[in-house]
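Visitor: For reference, the structure I am asking about is given below.
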Amino acid sequence: MIKIKDLEKIYRTEDIETMALNKLSMEIKEGEFVAVMGPSGCGKSTLLNILGLLDDPDGGSFLFNSTEVAHFNERKRAELRKRNIGFVFQSFNLIDELTVFENVELPLIYLGIKGGERKERVEKVLDKMQIMHRRNHYPQQLSGGQQQRVAVARAVVNNPKLILADEPTGNLDSSNGNEVMQLLTDLNEQGTTIIMVTHSQHDARYSHRIIRMLDGQVVTENILV
Amino acid sequence: MNTAIRNMVRQRTFSIINVGGLALSLMAVWVIALFVADELSYDKYHTNRNRIFRLASHGQWGEEKFDITGTSGLAAAAFKNDFPEVEDAVRIDVEGGGVFTYADRTIKENAVFLTDPSFFSAFTYHFIAGTPNALRQPNTVVLTKTLATKLFTNPLAAVNKVINIDKVPTVVTAVIEDVLANSHFTFQALRPFPENYQGDWSNLNIYTYLLLKKNVDVSQMTAKLPGFVIKYLTKNGNDINYKLELQPITSIHLHSHLAYELGENYDIKYVYVLSIVALLILIIALINYFNITTARASVWLREVAVRKIIGSSRKSLVSLFLTESLITILSAALISVLLVGVTMPVFNHFIGKHLSAWQFGIGTTITTLLGFSLIAGLIGGLYPAFFLSRFKTIPALKNQLGDVKGQAVFRKSLVMFQFAVTVVMISASFIIYLQLNYVRNKDLGVNKNQVLTFHIDSRSVREKVPPLRAELLQNPMVKSIASAGNPIGNNDIGMMDYSIEKNGVLDEHSNLAYGLTIDADFIPAMQIKVLQGRNFSTNIASDSNDVIVNEAFIKRQGWASGMGKRISRGKDSTGKVFFSNIIGIVKDYHIYSLQHMIEPTIMQLPKNAADRDNIYVRVDERNLGQSLAFIENTFKKFDPSAAFAYTFLDKNFASQYQAEERQGEILLAFTVLTISIACLGLFGLITFTVGQRVKEISIRKTLGASVSSLVSLLTGNLLKVVLIAMLVAIPLSWLAMNRWLQDFAYRIEPKWWMFALPGVVACIIAIATLNFQAIKAAIANPVKSLRAE
């Protein structure tokens, strides 16, 4: 599904140039659940942003479903992203002014899906995530675990082929964390490819493969299954 | 202080908007205050200003009426005689102009008054040379410094010199400083009335000023005026219902709009309008300041909370905000000094004045500016100060702002007010532009283009108009020539009484019409259309007694056609009624500018050569320079001593709209300023909105939002506010501009689009302002703000 080769990303400030990704190569197959680990600053989040088409690489190749997307313009990237990729962030990134229902509905609005179908799909996914009873609440009225479940619901409502999760349990207690990990595992079992950046050894064990990074490069790969 | 300055530097966009907007508004208030103060200062320099009154005449009979500044030349003496309240009375006749010559210098000067020696007892003028007794002898003249300098180079050398005025030797008895610009009349020279001058009670062509004794009750004196009218005017003026009015000299410039005013008066309502504009501009800038400061509260909230936690008292927080507020307004005041310095010449050009930025005195101006800064700084700083320091610490730490929606609604209401004002001002400027465009291009019924006109001062030269005409027409560059007894387009034509013949009997009821003396060439030369009958002919002897009238005349009488009718213009010396046949009817044409209705007009051939003093020459537009030179040279052959002073007819008409044009230009300048300040505020608010919603924008972008959907999300609310403002403003503009248009007898018909278009313009400007920031935010990389969490 994803094939990257010699990927580079450099961050420049006035005096310093930081190589966030240094000729990084990897391949992720459809249906895989991959955990990316490594110390802070090793390039995990940068990698996730590029895989999520939120950021441009400075060099190398990035094939998504056999299509070179490294140099896609903003419009093409947005189109590919909204149809294929779902995001789950450590800080949930829900919109405070919108209700649970409206937050989850958002990706469907941007896909141009009509109101009736949107309602049906949002209710279905909220039901599945067991937060239907909170549909009219605002994010600040929910617990962290509930907020993350809403974030996962939002990530999967448009049936993406790929979910990118950036430390999805980082802001949760262990009980809520386990619930979210179970949700991701269930989604993976239903065929969704998942790439998860994590610091947690415990969470990583839910995946099929652990990729460890250091200084913008892959240093080891462990297959767990 | 340091913290306040640091805050301002850190939030520099907002600081620039605040300081810039306030500085611009202070500049506007300053220059408008100068203008208003100048307008209010007219004639206040006279020491006796509270005791000088001008007599104005009003008359009515049937449906006819007049309201004029003129009075009988006998009124001054009669007032002095009959009213113990009158200390002195002054007559002024504006017909004292002529050709001034001294040695080899010749100057044609029309701004010359004939007046009484009491002129200097009533009015205050500074004498450079000579004494206030200067006008006591016949054939004397008092010159202004400017005219004396033109004639003598050294004005002090003028006194006791003999100059010629229209070839009559006259002694210069005094030189005075030029008449101040803030006077309702101005002149370059004063001459005494001729000794043989005799006025009569029916001829109201003299301006009369009364100097009342100290402590006279004007209302009591006014109550006695009807008695005076009965004693002198009604007795002589048959069925006319006369009224006299005492106009305080200091109110003439702004409150008097009668016929035959001595100068171009202004209107108090425009002084009010400009004062309101100044106030609105200031309010708009203060709203910006208020909106931006309270909006920034959320950005500051955490800092305020942290300061509270580490022990900062409410008092010190309030003083922090007040300091910042004062620094902002003082900086704005300082910048406004520079702005006024730079823009003053431009503003002076717009208003046609020579005002100085320091007109009120440097000390007064600086004190006022500092006082204003202090008050505005306190008011502007107190609300945000209490608004911010009032928050509870813990919710503030979490950036919870309390009634955020309520604050936002209040802010939006203020923005709505700003844009409603903006739309009204754009509408007003636009309507003024359309109306002035209309009056400039309206078909006047005469072809005013390429017609130059000049006055023949010398009575002997007026006798030679036919040969002058013949010689001028020899040149193919001269298309046609005509003469008339009046200049048209200058809004100064005399009225005449007439009665009509009904069933062979003369109607006792008299009417008023403009009386214009024209020669037989006037109608064809001015391209006036003859509807019925014919033009005057020099070959038909009876034409010298007959008249041509305009359509308005026929309409006033309610006739289907006037042909064959007779009118009377009075009796001859034997008491025999003097009848004239109407031999032609011309299409209505304008002899006054378009503020005035076309009135019934009677045209007659000149009775004598003196009535051919205004010459109209239509020239070839291709060789204007050559044509002018030829006309001047030819004229000089007939009158070598006279200065050739000409004007173009279209310019004469155009100059009647100067006041309106000036209003339009001033309003346009302040409209641009208002839009700029309102847009600065809008820019500040959208910058703030974008800053607040950076994370949301990033999330939405991640979820697939397009740039256009993000821009409409960010700008939608503020745009709605601008649209509501437009809906509020349109009826207000409609009302205001309909009233303004009433001043014109001929005006554009207000249409809905004339008010909608300014609204659309305001919306486009608002959209451009909003989108500048919104697009920037929408195309930014979302990763940074998502990672910032």
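Scheme for the structure tokens: letters A, B, ... for chains in order shown; per-chain residue numbers from 1; ligand numbers from 1 in order shown.
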What's around B:Val90 at 6 Å? Count only C-alpha atoms, leave out sequence neighbours fewer than 4 positions away in its own chain, and write the answer as a ChimeraX atom specification.
Guide: /B:116,118-119,208-209
Visitor: Within 6 Å of chain B, which residues of chain A show up when using only C-alpha atoms, listed as a PyMOL selection string?
Guide: chain A and resi 78+82+95+107+110
Visitor: Hey, can you spit out that residue selection with N, CA, C and O atoms as a PDB file, in the first residue's frame?
Guide:
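And here is the file that came out, result.pdb:
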ATOM      1  N   ALA A  78      -5.108  16.889  -0.806  1.00  0.00           N
ATOM      2  CA  ALA A  78      -6.332  16.993   0.002  1.00  0.00           C
ATOM      3  C   ALA A  78      -7.360  15.968  -0.480  1.00  0.00           C
ATOM      4  O   ALA A  78      -8.028  15.299   0.308  1.00  0.00           O
ATOM      5  N   LYS A  82      -8.631  12.945   1.937  1.00  0.00           N
ATOM      6  CA  LYS A  82      -9.976  12.840   2.512  1.00  0.00           C
ATOM      7  C   LYS A  82     -10.687  11.551   2.101  1.00  0.00           C
ATOM      8  O   LYS A  82     -11.621  11.126   2.767  1.00  0.00           O
ATOM      9  N   ILE A  95     -12.921  19.748  17.431  1.00  0.00           N
ATOM     10  CA  ILE A  95     -13.245  21.178  17.379  1.00  0.00           C
ATOM     11  C   ILE A  95     -14.209  21.495  18.519  1.00  0.00           C
ATOM     12  O   ILE A  95     -15.305  20.930  18.596  1.00  0.00           O
ATOM     13  N   PRO A 107     -15.780  15.017   8.182  1.00  0.00           N
ATOM     14  CA  PRO A 107     -15.134  14.448   6.989  1.00  0.00           C
ATOM     15  C   PRO A 107     -16.150  14.112   5.893  1.00  0.00           C
ATOM     16  O   PRO A 107     -15.836  14.236   4.702  1.00  0.00           O
ATOM     17  N   TYR A 110     -17.003  17.204   3.922  1.00  0.00           N
ATOM     18  CA  TYR A 110     -15.965  17.550   2.949  1.00  0.00           C
ATOM     19  C   TYR A 110     -15.913  16.571   1.790  1.00  0.00           C
ATOM     20  O   TYR A 110     -15.356  16.865   0.745  1.00  0.00           O
TER      21      TYR A 110
END
Visitor: If you run DSSP on the backbone here, which positions in stretch 56-126 of chain A get strand (DSSP E or B)? Please write them as a ChimeraX atom specification.
Guide: /A:59-64,67-68,85-89
Visitor: Would you save the residues from that selection as a tab-separated table (two decimals), in the first residue's frame, using N, CA, C and O atoms?
Guide:
chain	number	residue	atom	x	y	z
A	59	GLY	N	12.90	15.14	-0.40
A	59	GLY	CA	13.55	14.28	-1.39
A	59	GLY	C	13.04	12.86	-1.25
A	59	GLY	O	12.37	12.51	-0.27
A	60	GLY	N	13.31	12.01	-2.25
A	60	GLY	CA	12.91	10.61	-2.19
A	60	GLY	C	11.58	10.36	-2.86
A	60	GLY	O	10.97	11.27	-3.42
A	61	SER	N	11.14	9.11	-2.75
A	61	SER	CA	9.92	8.72	-3.44
A	61	SER	C	8.89	8.20	-2.44
A	61	SER	O	9.24	7.62	-1.41
A	62	PHE	N	7.61	8.45	-2.75
A	62	PHE	CA	6.53	8.00	-1.88
A	62	PHE	C	5.40	7.50	-2.79
A	62	PHE	O	4.75	8.27	-3.47
A	63	LEU	N	5.28	6.15	-2.79
A	63	LEU	CA	4.21	5.56	-3.61
A	63	LEU	C	3.05	5.21	-2.71
A	63	LEU	O	3.22	4.51	-1.71
A	64	PHE	N	1.86	5.71	-3.02
A	64	PHE	CA	0.65	5.37	-2.28
A	64	PHE	C	-0.23	4.62	-3.25
A	64	PHE	O	-0.65	5.19	-4.27
A	67	THR	N	0.95	4.87	-6.71
A	67	THR	CA	0.99	6.20	-7.36
A	67	THR	C	2.02	7.07	-6.63
A	67	THR	O	2.02	7.13	-5.40
A	68	GLU	N	2.89	7.72	-7.43
A	68	GLU	CA	3.88	8.61	-6.82
A	68	GLU	C	3.17	9.87	-6.33
A	68	GLU	O	2.57	10.61	-7.11
A	85	ILE	N	-7.50	8.41	3.99
A	85	ILE	CA	-6.74	8.42	5.25
A	85	ILE	C	-7.55	8.99	6.40
A	85	ILE	O	-8.23	10.01	6.25
A	86	GLY	N	-7.47	8.34	7.54
A	86	GLY	CA	-8.07	8.86	8.77
A	86	GLY	C	-6.97	9.16	9.78
A	86	GLY	O	-5.93	8.48	9.78
A	87	PHE	N	-7.18	10.18	10.62
A	87	PHE	CA	-6.14	10.55	11.59
A	87	PHE	C	-6.66	10.44	13.02
A	87	PHE	O	-7.80	10.81	13.30
A	88	VAL	N	-5.77	9.93	13.90
A	88	VAL	CA	-6.07	9.97	15.34
A	88	VAL	C	-4.86	10.60	16.01
A	88	VAL	O	-3.73	10.15	15.80
A	89	PHE	N	-5.12	11.71	16.76
A	89	PHE	CA	-4.00	12.45	17.37
A	89	PHE	C	-3.97	12.21	18.88
A	89	PHE	O	-4.99	11.90	19.50
Visitor: Point out the residue among B:Leu211, B:Val342, B:Val171, B:Met8 with the least atom-to-atom distance to B:Pro84, counting only C-alpha atoms.
Guide: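 Nearest to B:Pro84: B:Leu211.
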Visitor: Under the rule that only C-alpha atoms are counted, which of A:Gly116, A:Gly38, A:Gly52, A:Pro139 is the nearest residue to A:Arg81?
Guide: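 Residue with the minimum atom-to-atom distance to A:Arg81: A:Gly52.
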Visitor: Report, in Å with one decimal, the straight-line distance from atom CA of B:Ala333 to atom CA of B:Ile366.
Guide: 9.5 Å
Visitor: What's around A:Val122 at 9 Å? Count only C-alpha atoms, leave out sequence neighbours fewer than 2 positions away in its own chain, and write the answer as a PyMOL selection string.
Guide: chain A and resi 101-102+104-105+108+117-120+124-127+153-154+157
Visitor: Using Å and a single decimal, report how far atom CA of B:Glu39 sits from atom CA of B:Tyr266.
Guide: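 The value is 7.9 Å.
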Visitor: When distances are computed from only C-alpha atoms, which of B:Val424, B:Val549, B:Val728, B:Leu668 shows the smallest separation from B:Val530?
Guide: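 With only C-alpha atoms as the atom set, the closest residue is B:Val549.
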Visitor: Residues within 12 Å of A:Val219, please, as a list in words. Count only C-alpha atoms; anything in the same chain fewer than 2 positions from it doesn't count.
Guide: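 Residues near the query, excluding close chain neighbours: Asn22, Leu24, Ser25, Met26, Val36, Met37, Gly38, Pro39, Cys42, Ile210, Ile211, Arg212, Met213, Leu214, Asp215, Gly216, Gln217, Glu221 and Asn222 of chain A.
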Visitor: Would you mind exporting N, CA and C atoms of the selected residues as an mmCIF file, in the first residue's frame?
Guide:
data_model
loop_
_atom_site.group_PDB
_atom_site.id
_atom_site.type_symbol
_atom_site.label_atom_id
_atom_site.label_comp_id
_atom_site.auth_asym_id
_atom_site.auth_seq_id
_atom_site.Cartn_x
_atom_site.Cartn_y
_atom_site.Cartn_z
ATOM 1 N N ASN A 22 16.134 10.940 7.112
ATOM 2 C CA ASN A 22 17.412 10.846 6.409
ATOM 3 C C ASN A 22 17.419 9.611 5.508
ATOM 4 N N LEU A 24 15.121 7.691 4.351
ATOM 5 C CA LEU A 24 14.365 6.629 4.999
ATOM 6 C C LEU A 24 13.575 5.832 3.959
ATOM 7 N N SER A 25 13.608 4.535 4.085
ATOM 8 C CA SER A 25 12.851 3.674 3.158
ATOM 9 C C SER A 25 12.042 2.676 3.972
ATOM 10 N N MET A 26 10.862 2.371 3.530
ATOM 11 C CA MET A 26 10.059 1.313 4.172
ATOM 12 C C MET A 26 8.882 0.962 3.267
ATOM 13 N N VAL A 36 5.349 2.555 15.013
ATOM 14 C CA VAL A 36 6.645 3.225 14.795
ATOM 15 C C VAL A 36 7.084 3.772 16.146
ATOM 16 N N MET A 37 8.284 3.367 16.583
ATOM 17 C CA MET A 37 8.769 3.792 17.897
ATOM 18 C C MET A 37 10.115 4.493 17.763
ATOM 19 N N GLY A 38 10.500 5.104 18.814
ATOM 20 C CA GLY A 38 11.796 5.775 18.801
ATOM 21 C C GLY A 38 11.784 6.938 19.745
ATOM 22 N N PRO A 39 12.944 7.455 20.118
ATOM 23 C CA PRO A 39 12.996 8.569 21.066
ATOM 24 C C PRO A 39 12.421 9.855 20.450
ATOM 25 N N CYS A 42 13.183 11.738 16.780
ATOM 26 C CA CYS A 42 13.809 10.805 15.842
ATOM 27 C C CYS A 42 13.159 10.874 14.463
ATOM 28 N N ILE A 210 6.884 -3.786 14.533
ATOM 29 C CA ILE A 210 7.380 -2.566 15.183
ATOM 30 C C ILE A 210 8.608 -2.080 14.417
ATOM 31 N N ILE A 211 8.509 -0.788 13.962
ATOM 32 C CA ILE A 211 9.663 -0.184 13.276
ATOM 33 C C ILE A 211 10.279 0.800 14.264
ATOM 34 N N ARG A 212 11.571 0.654 14.528
ATOM 35 C CA ARG A 212 12.223 1.580 15.462
ATOM 36 C C ARG A 212 13.073 2.572 14.659
ATOM 37 N N MET A 213 12.969 3.836 15.040
ATOM 38 C CA MET A 213 13.694 4.879 14.307
ATOM 39 C C MET A 213 14.675 5.592 15.216
ATOM 40 N N LEU A 214 15.720 6.125 14.595
ATOM 41 C CA LEU A 214 16.689 6.968 15.305
ATOM 42 C C LEU A 214 17.284 7.930 14.284
ATOM 43 N N ASP A 215 17.338 9.163 14.617
ATOM 44 C CA ASP A 215 17.915 10.200 13.740
ATOM 45 C C ASP A 215 17.399 10.124 12.299
ATOM 46 N N GLY A 216 16.125 9.959 12.174
ATOM 47 C CA GLY A 216 15.506 10.023 10.843
ATOM 48 C C GLY A 216 15.723 8.780 10.015
ATOM 49 N N GLN A 217 16.166 7.715 10.646
ATOM 50 C CA GLN A 217 16.381 6.484 9.870
ATOM 51 C C GLN A 217 15.756 5.309 10.611
ATOM 52 N N GLU A 221 13.518 -3.529 12.752
ATOM 53 C CA GLU A 221 12.128 -3.895 12.492
ATOM 54 C C GLU A 221 11.855 -5.223 13.155
ATOM 55 N N ASN A 222 10.793 -5.299 13.985
ATOM 56 C CA ASN A 222 10.435 -6.572 14.644
ATOM 57 C C ASN A 222 9.056 -6.997 14.195
#
Visitor: Among stretch 490-707 of chain B, which residues does DSSP mark as helix (DSSP H, G or I) when it is run on the backbone? Keep the chain and numbering as in the structure and answer as number ranges by chain.
Guide: B: 522-525, 541-544, 551-557, 609-611, 621-638, 649-655, 658-692, 694-702, 707
Visitor: State, in Å with one decimal place, the distance from atom CA of B:Phe350 to atom CA of B:Gln450.
Guide: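 Straight-line distance from atom CA of B:Phe350 to atom CA of B:Gln450 works out to 27.3 Å.
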Visitor: Between A:Asp203, A:Asp55, A:Glu167, A:Glu32, which has the minimum distance to A:Asn188 (counting only C-alpha atoms)?
Guide: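 Nearest candidate to A:Asn188 out of A:Asp203, A:Asp55, A:Glu167, A:Glu32: A:Glu32.
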Visitor: Quick one: residues within 8 Å of A:Lys161, only C-alpha atoms counted, chain neighbours fewer than 3 positions away excluded, as a list of chain:residue names?
Guide: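 With the cut-off at 8 Å, the set is A:Asn84, A:Ile85, A:Gly191, A:Thr192, A:Thr193.
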Visitor: May I have the residues from that selection written out with N, CA and C atoms, as a PDB file, in the first residue's frame?
Guide:
ATOM      1  N   ASN A  84      -8.944   8.546   1.579  1.00  0.00           N
ATOM      2  CA  ASN A  84      -8.212   7.314   1.931  1.00  0.00           C
ATOM      3  C   ASN A  84      -7.655   7.266   3.344  1.00  0.00           C
ATOM      4  N   ILE A  85      -7.503   8.414   3.993  1.00  0.00           N
ATOM      5  CA  ILE A  85      -6.740   8.420   5.250  1.00  0.00           C
ATOM      6  C   ILE A  85      -7.549   8.992   6.405  1.00  0.00           C
ATOM      7  N   GLY A 191      -9.910  -4.917   8.217  1.00  0.00           N
ATOM      8  CA  GLY A 191      -9.218  -4.658   6.943  1.00  0.00           C
ATOM      9  C   GLY A 191      -8.545  -3.313   6.826  1.00  0.00           C
ATOM     10  N   THR A 192      -8.663  -2.427   7.851  1.00  0.00           N
ATOM     11  CA  THR A 192      -8.044  -1.100   7.741  1.00  0.00           C
ATOM     12  C   THR A 192      -6.554  -1.192   8.101  1.00  0.00           C
ATOM     13  N   THR A 193      -5.721  -0.613   7.273  1.00  0.00           N
ATOM     14  CA  THR A 193      -4.288  -0.558   7.555  1.00  0.00           C
ATOM     15  C   THR A 193      -4.070   0.513   8.627  1.00  0.00           C
TER      16      THR A 193
END
Visitor: Quick one: of A:Asn65, A:Ser207, A:Thr99, A:Thr13, who's nearest to A:Gln182, counting only C-alpha atoms?
Guide: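 Of A:Asn65, A:Ser207, A:Thr99, A:Thr13, the one nearest A:Gln182, counting only C-alpha atoms, is A:Ser207.
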Visitor: Could you give me, as a PyMOL selection string, the residues within 9 Å of B:Met27, counting only C-alpha atoms and dropping anything in the same chain fewer than 5 positions from it?
Guide: chain B and resi 22+32+333+335-340+343
Visitor: Please save N, CA, C and O atoms of the selected residues as a PDB file, in the first residue's frame.
Guide:
ATOM      1  N   LEU B  22      -6.295  55.292  15.275  1.00  0.00           N
ATOM      2  CA  LEU B  22      -6.539  56.452  16.152  1.00  0.00           C
ATOM      3  C   LEU B  22      -5.862  57.704  15.601  1.00  0.00           C
ATOM      4  O   LEU B  22      -6.440  58.792  15.630  1.00  0.00           O
ATOM      5  N   ILE B  32     -11.164  68.800  10.750  1.00  0.00           N
ATOM      6  CA  ILE B  32     -12.583  69.196  10.707  1.00  0.00           C
ATOM      7  C   ILE B  32     -12.847  70.272  11.755  1.00  0.00           C
ATOM      8  O   ILE B  32     -13.572  71.244  11.511  1.00  0.00           O
ATOM      9  N   ALA B 333      -1.642  60.366  19.037  1.00  0.00           N
ATOM     10  CA  ALA B 333      -1.719  61.836  19.032  1.00  0.00           C
ATOM     11  C   ALA B 333      -0.464  62.423  18.388  1.00  0.00           C
ATOM     12  O   ALA B 333      -0.535  63.354  17.580  1.00  0.00           O
ATOM     13  N   ILE B 335       1.536  60.963  16.222  1.00  0.00           N
ATOM     14  CA  ILE B 335       1.537  60.704  14.772  1.00  0.00           C
ATOM     15  C   ILE B 335       0.530  61.631  14.072  1.00  0.00           C
ATOM     16  O   ILE B 335       0.768  62.101  12.968  1.00  0.00           O
ATOM     17  N   SER B 336      -0.582  61.913  14.777  1.00  0.00           N
ATOM     18  CA  SER B 336      -1.589  62.781  14.143  1.00  0.00           C
ATOM     19  C   SER B 336      -1.032  64.181  13.899  1.00  0.00           C
ATOM     20  O   SER B 336      -1.406  64.835  12.931  1.00  0.00           O
ATOM     21  N   VAL B 337      -0.111  64.624  14.773  1.00  0.00           N
ATOM     22  CA  VAL B 337       0.519  65.941  14.549  1.00  0.00           C
ATOM     23  C   VAL B 337       1.242  65.928  13.200  1.00  0.00           C
ATOM     24  O   VAL B 337       1.102  66.848  12.390  1.00  0.00           O
ATOM     25  N   LEU B 338       1.987  64.826  12.955  1.00  0.00           N
ATOM     26  CA  LEU B 338       2.715  64.716  11.685  1.00  0.00           C
ATOM     27  C   LEU B 338       1.731  64.630  10.518  1.00  0.00           C
ATOM     28  O   LEU B 338       1.895  65.287   9.493  1.00  0.00           O
ATOM     29  N   LEU B 339       0.690  63.820  10.699  1.00  0.00           N
ATOM     30  CA  LEU B 339      -0.285  63.639   9.618  1.00  0.00           C
ATOM     31  C   LEU B 339      -0.975  64.958   9.257  1.00  0.00           C
ATOM     32  O   LEU B 339      -1.155  65.267   8.079  1.00  0.00           O
ATOM     33  N   VAL B 340      -1.343  65.722  10.295  1.00  0.00           N
ATOM     34  CA  VAL B 340      -2.014  67.006  10.030  1.00  0.00           C
ATOM     35  C   VAL B 340      -1.057  67.925   9.272  1.00  0.00           C
ATOM     36  O   VAL B 340      -1.445  68.581   8.305  1.00  0.00           O
ATOM     37  N   THR B 343      -1.004  66.684   5.692  1.00  0.00           N
ATOM     38  CA  THR B 343      -2.244  66.739   4.901  1.00  0.00           C
ATOM     39  C   THR B 343      -2.883  68.129   4.857  1.00  0.00           C
ATOM     40  O   THR B 343      -3.784  68.348   4.070  1.00  0.00           O
TER      41      THR B 343
END
